[in-house]
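*Asks:* My structure is stored as query_11.cif, with mmCIF, C-alpha atoms.
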data_coords
#
loop_
_atom_site.label_atom_id
_atom_site.label_comp_id
_atom_site.auth_asym_id
_atom_site.auth_seq_id
_atom_site.Cartn_x
_atom_site.Cartn_y
_atom_site.Cartn_z
CA MET A 834 61.42 27.99 183.80
CA LYS A 835 62.05 31.69 184.41
CA ILE A 836 64.68 33.78 182.61
CA TYR A 837 65.93 37.17 183.81
CA PHE A 838 67.00 39.71 181.17
CA ASP A 839 68.48 43.15 181.68
CA GLY A 840 70.33 45.65 179.53
CA CYS A 841 69.75 48.83 177.58
CA SER A 842 67.78 49.64 174.43
CA TRP A 843 69.14 46.61 172.57
CA THR A 844 67.52 44.20 175.01
CA LYS A 845 64.43 46.38 175.43
CA GLY A 846 63.82 46.06 171.68
CA GLU A 847 64.10 49.73 170.76
CA GLU A 848 62.98 50.55 167.18
CA LEU A 849 61.09 47.27 166.72
CA GLU A 850 57.50 47.60 165.58
CA ASN A 851 56.37 45.20 168.32
CA GLN A 852 58.98 45.20 171.06
CA GLU A 853 57.36 42.72 173.40
CA GLU A 854 56.89 40.10 170.69
CA GLU A 855 59.94 40.58 168.45
CA ARG A 856 62.83 41.17 170.85
CA TYR A 857 65.33 38.38 171.39
CA SER A 858 64.33 37.81 175.01
CA LYS A 859 60.78 36.91 173.97
CA LEU A 860 62.01 34.68 171.14
CA ILE A 861 64.26 32.77 173.53
CA CYS A 862 61.50 32.34 176.09
CA ASP A 863 58.99 31.24 173.45
CA GLU A 864 61.42 28.59 172.21
CA LEU A 865 62.09 27.27 175.71
CA GLY A 866 58.57 27.68 177.06
CA ALA A 867 59.98 30.00 179.71
CA GLU A 868 58.61 33.01 181.61
CA GLU A 869 60.28 36.24 180.49
CA THR A 870 61.34 39.03 182.85
CA ASN A 871 62.86 41.85 180.81
CA LEU A 872 63.99 44.87 182.84
CA ALA A 873 65.98 46.61 180.09
CA ILE A 874 65.43 50.32 179.45
CA LYS A 875 66.60 52.77 176.81
CA GLY A 876 69.78 54.54 177.89
CA GLY A 877 70.26 52.23 180.87
CA SER A 878 73.69 51.94 182.47
CA ASN A 879 75.80 49.15 183.92
CA ASP A 880 75.28 50.82 187.31
CA ARG A 881 71.54 50.31 186.90
CA ILE A 882 72.00 46.68 185.78
CA VAL A 883 74.05 45.89 188.89
CA ARG A 884 71.59 47.74 191.16
CA ASN A 885 68.70 45.76 189.68
CA LEU A 886 70.59 42.52 190.16
CA LEU A 887 71.81 43.04 193.73
CA VAL A 888 69.15 45.27 195.29
CA GLU A 889 65.89 45.38 193.38
CA ASN A 890 65.28 41.73 192.45
CA HIS A 891 65.79 38.16 193.67
CA ILE A 892 67.95 36.53 191.01
CA GLU A 893 67.91 33.21 192.86
CA GLU A 894 64.27 32.83 191.79
CA TYR A 895 65.37 32.49 188.14
CA ASP A 896 66.74 29.55 186.18
CA LEU A 897 68.92 31.66 183.89
CA ALA A 898 70.17 35.25 183.66
CA VAL A 899 70.97 37.00 180.38
CA ILE A 900 72.73 40.29 181.08
CA GLN A 901 73.58 42.70 178.27
CA MET A 902 76.13 45.22 179.52
CA THR A 903 76.31 48.59 177.82
CA PHE A 904 78.71 51.52 177.38
CA PRO A 905 80.56 52.13 180.67
CA VAL A 906 80.36 55.91 180.26
CA ARG A 907 76.69 55.78 181.28
CA THR A 908 75.70 56.06 184.91
CA GLU A 909 72.81 57.06 187.20
CA TYR A 910 72.17 58.94 190.42
CA TYR A 911 69.41 59.11 193.00
CA MET A 912 67.44 62.35 192.97
CA ILE A 913 65.04 63.64 195.60
CA ARG A 914 62.70 66.48 194.68
CA LYS A 915 59.85 67.65 196.85
CA GLY A 916 56.55 68.93 195.52
CA GLU A 917 56.83 67.44 192.02
CA TYR A 918 55.13 64.46 190.43
CA TYR A 919 58.01 62.36 191.71
CA ASP A 920 59.73 62.67 195.08
CA LYS A 921 62.48 60.12 194.56
CA CYS A 922 63.84 58.42 191.47
CA TRP A 923 66.94 57.11 189.77
CA ARG A 924 68.01 59.45 186.98
CA ARG A 925 69.86 58.16 183.91
CA VAL A 926 73.04 59.88 182.78
CA ASN A 927 73.69 58.98 179.16
CA PRO A 928 76.27 61.01 177.23
CA SER A 929 76.24 60.84 173.45
CA ASN A 930 78.00 58.10 171.51
CA ASN A 931 80.37 60.82 170.30
CA TYR A 932 81.82 60.87 173.79
CA SER A 933 82.75 57.18 173.57
CA ARG A 934 84.34 57.75 170.16
CA TRP A 935 86.31 60.71 171.47
CA LEU A 936 87.41 58.71 174.51
CA HIS A 937 88.86 56.00 172.28
CA GLY A 938 90.76 58.44 170.07
CA LEU A 939 88.26 58.46 167.21
CA ASP A 940 86.48 61.40 165.63
CA GLY A 941 83.90 62.12 168.30
CA ASP A 942 82.65 65.68 168.75
CA ILE A 943 81.89 66.41 172.42
CA ARG A 944 81.31 70.16 172.17
CA LYS A 945 77.59 69.69 172.81
CA LEU A 946 77.98 67.04 175.50
CA GLY A 947 76.10 69.04 178.14
CA GLU A 948 72.96 69.21 176.05
CA LYS A 949 72.35 65.48 176.59
CA PHE A 950 71.53 65.81 180.28
CA SER A 951 68.11 66.79 181.54
CA ASP A 952 69.39 67.79 185.00
CA HIS A 953 72.67 69.26 186.29
CA SER A 954 74.12 69.51 182.77
CA ASP A 955 76.99 71.81 183.83
CA PHE A 956 78.06 69.37 186.53
CA TRP A 957 77.98 66.31 184.26
CA LYS A 958 79.74 68.09 181.42
CA TYR A 959 82.55 69.10 183.78
CA TRP A 960 82.72 65.58 185.27
CA TYR A 961 83.02 63.87 181.90
CA MET A 962 85.50 66.33 180.38
CA ASN A 963 87.72 66.99 183.41
CA ILE A 964 87.41 64.14 185.93
CA THR A 965 86.87 60.91 184.01
CA ASN A 966 89.04 59.22 181.38
CA LYS A 967 89.39 55.93 179.51
CA LYS A 968 91.23 54.21 182.41
CA PHE A 969 88.44 55.18 184.80
CA PHE A 970 85.75 53.66 182.58
CA ASP A 971 87.78 50.53 181.78
CA VAL A 972 88.13 49.81 185.50
CA LYS A 973 84.48 50.65 186.18
CA GLU A 974 83.38 48.22 183.45
CA LYS A 975 85.62 45.50 184.90
CA ILE A 976 84.10 45.98 188.37
CA HIS A 977 80.56 45.67 186.96
CA TYR A 978 81.53 42.63 184.88
CA GLU A 979 83.08 40.75 187.79
CA THR A 980 80.23 41.74 190.12
CA ILE A 981 77.58 40.36 187.76
CA LYS A 982 79.47 37.11 187.18
CA SER A 983 80.31 36.54 190.84
CA TYR A 984 76.83 37.38 192.11
CA CYS A 985 75.07 35.03 189.70
CA ALA A 986 77.58 32.27 190.50
CA ASN A 987 77.07 32.82 194.23
CA LYS A 988 73.29 32.49 193.78
CA GLY A 989 73.67 29.41 191.60
CA VAL A 990 72.10 31.03 188.53
CA PRO A 991 73.61 30.23 185.10
CA LEU A 992 74.60 33.41 183.25
CA ILE A 993 74.99 34.55 179.68
CA ILE A 994 76.83 37.86 179.75
CA CYS A 995 77.13 40.02 176.65
CA SER A 996 77.80 43.63 175.71
CA ILE A 997 77.33 46.21 172.98
CA ASN A 998 80.65 47.87 173.89
CA THR A 999 82.85 46.82 170.98
CA TRP A 1000 85.82 48.63 172.57
CA SER A 1001 85.80 46.37 175.62
CA LYS A 1002 88.73 44.02 176.31
CA LEU A 1003 86.64 41.79 178.60
CA LYS A 1004 85.66 38.25 177.66
CA PHE A 1005 81.92 38.26 177.00
CA ASP A 1006 79.87 35.35 175.75
CA PHE A 1007 78.66 37.64 172.96
CA VAL A 1008 79.52 41.14 171.75
CA LEU A 1009 76.36 42.29 169.98
CA THR A 1010 76.75 44.20 166.73
CA THR A 1011 74.64 45.01 163.68
CA ASP A 1012 75.36 45.34 159.97
CA LYS A 1013 73.38 46.94 157.14
CA ASN A 1014 71.05 43.93 156.93
CA THR A 1015 70.28 43.63 160.63
CA LYS A 1016 70.01 47.18 161.93
CA CYS A 1017 67.28 49.78 162.23
CA LYS A 1018 67.69 53.47 161.41
CA MET A 1019 69.33 54.33 164.75
CA GLY A 1020 71.55 51.24 164.77
CA HIS A 1021 69.54 48.93 167.02
CA PRO A 1022 68.90 45.35 165.83
CA ASN A 1023 65.91 44.98 163.55
CA LYS A 1024 63.55 42.00 163.59
CA LEU A 1025 66.08 39.83 161.76
CA GLY A 1026 68.85 41.04 164.07
CA HIS A 1027 66.91 39.93 167.13
CA GLN A 1028 66.25 36.56 165.53
CA ILE A 1029 69.98 36.08 164.92
CA ILE A 1030 70.82 37.05 168.52
CA ALA A 1031 68.15 34.68 169.86
CA LYS A 1032 69.43 31.75 167.80
CA ALA A 1033 73.03 32.31 168.92
CA MET A 1034 71.99 32.44 172.58
CA LEU A 1035 69.72 29.42 172.27
CA ASP A 1036 72.62 27.45 170.79
CA LYS A 1037 74.73 28.39 173.81
CA ILE A 1038 71.93 27.58 176.27
#
Write out the structure in this file as structure tokens.

*Replies:*
Amino acid sequence: MKIYFDGCSWTKGEELENQEEERYSKLICDELGAEETNLAIKGGSNDRIVRNLLVENHIEEYDLAVIQMTFPVRTEYYMIRKGEYYDKCWRRVNPSNNYSRWLHGLDGDIRKLGEKFSDHSDFWKYWYMNITNKKFFDVKEKIHYETIKSYCANKGVPLIICSINTWSKLKFDFVLTTDKNTKCKMGHPNKLGHQIIAKAMLDKI
């Protein structure tokens, strides 16, 4: 049995002392005697998740997919630079959580938004503050959600789809959250949090 996992820092196991042994994907695979493929990265976007699913991998080779969607304000772009240690790569664009709070009418402070971007900060700051809006990201999230579900169904691969976006109106199998007993310093699930997530998903499987 092979299980495909993708997502952002929550699925990667950020802040755990031993990511590869303590994250929920490993716990699930250990319980089922399955082979784990975990492609999650810190700051990853839904764009990246869909690209991985449709372009970079062969999902039909797996017996189950567990996809953890993230905040729809994140994105990526393809950069080409000559003469550096990389010529071509996908670059993450990950605005601060304050942007999401501001977008949803909460107390977010986006005055330093441009400082989050390693490249083209002026462009991305303008794009987020003048071009995009809540409607744009709601629709974008819906497109990613339906694409993931439809693609896995088309390939005959059972899917558990979840998210950390508590503002979403979409129907996920799980919306992952943490409380004071299950979170690390930066808000990611701690060891107990990952155990709780694993148990809930195993019950559904």

*Asks:* Quick one, how far is atom CA of Lys1018 of chain A from atom CA of Phe1005 of chain A?

*Replies:*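 Separating atom CA of Lys1018 of chain A from atom CA of Phe1005 of chain A is a distance of 26.0 Å.
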
*Asks:* Written as a list of chain:residue names, what is the full residue list that the PyMOL selection byres ((chain A and resi 1007) around 8) yields on the file shown?

*Replies:*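 Matching residues under the PyMOL selection byres ((chain A and resi 1007) around 8) are A:Ile994, A:Cys995, A:Ser996, A:Phe1005, A:Asp1006, A:Val1008, A:Leu1009.
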
*Asks:* Taking all atoms listed in the file into account, which of A:Lys859, A:Lys845, A:Arg944, A:Lys968 comes nearest Val906 of chain A?

*Replies:*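 Ranking A:Lys859, A:Lys845, A:Arg944, A:Lys968 by distance to Val906 of chain A, first place goes to A:Lys968.
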
*Asks:* Hey, what comes out of the PyMOL selection byres ((chain A and resi 951-963) around 10) on this file? Could you write it as number ranges by chain?

*Replies:* A: 906, 912, 924-928, 932, 936, 943-950, 964-966

*Asks:* Which of these residues is nearest to Asn871 of chain A, using all atoms listed in the file: A:Glu848, A:Leu886, A:Ser933, A:Ile836?

*Replies:*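 With all atoms listed in the file as the atom set, the closest residue is A:Ile836.
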
*Asks:* List every protein, DNA or RNA residue that has at least one atom no more than 12 Å from (91.2, 50.1, 172.1) in the file's coordinates, counting only C-alpha atoms, and write the result as a ChimeraX atom specification.

*Replies:* /A:933-939,967-968,971,998-1003

*Asks:* Go through A:Glu869, A:Glu974, A:Glu893, A:Asp940 one by one, measure the shortest atom-to-atom distance of each to Lys988 of chain A using only C-alpha atoms, and give the residue with the smallest value.

*Replies:*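 Ranking A:Glu869, A:Glu974, A:Glu893, A:Asp940 by distance to Lys988 of chain A, first place goes to A:Glu893.
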
*Asks:* Quick one: residues within 10 Å of (66.7, 48.5, 171.0) (file frame), counting only C-alpha atoms, please, as JSON, numbers by chain.

*Replies:* {"A": [840, 841, 842, 843, 844, 845, 846, 847, 848, 849, 852, 856, 873, 874, 875, 876, 1016, 1017, 1019, 1020, 1021, 1022, 1023, 1027]}
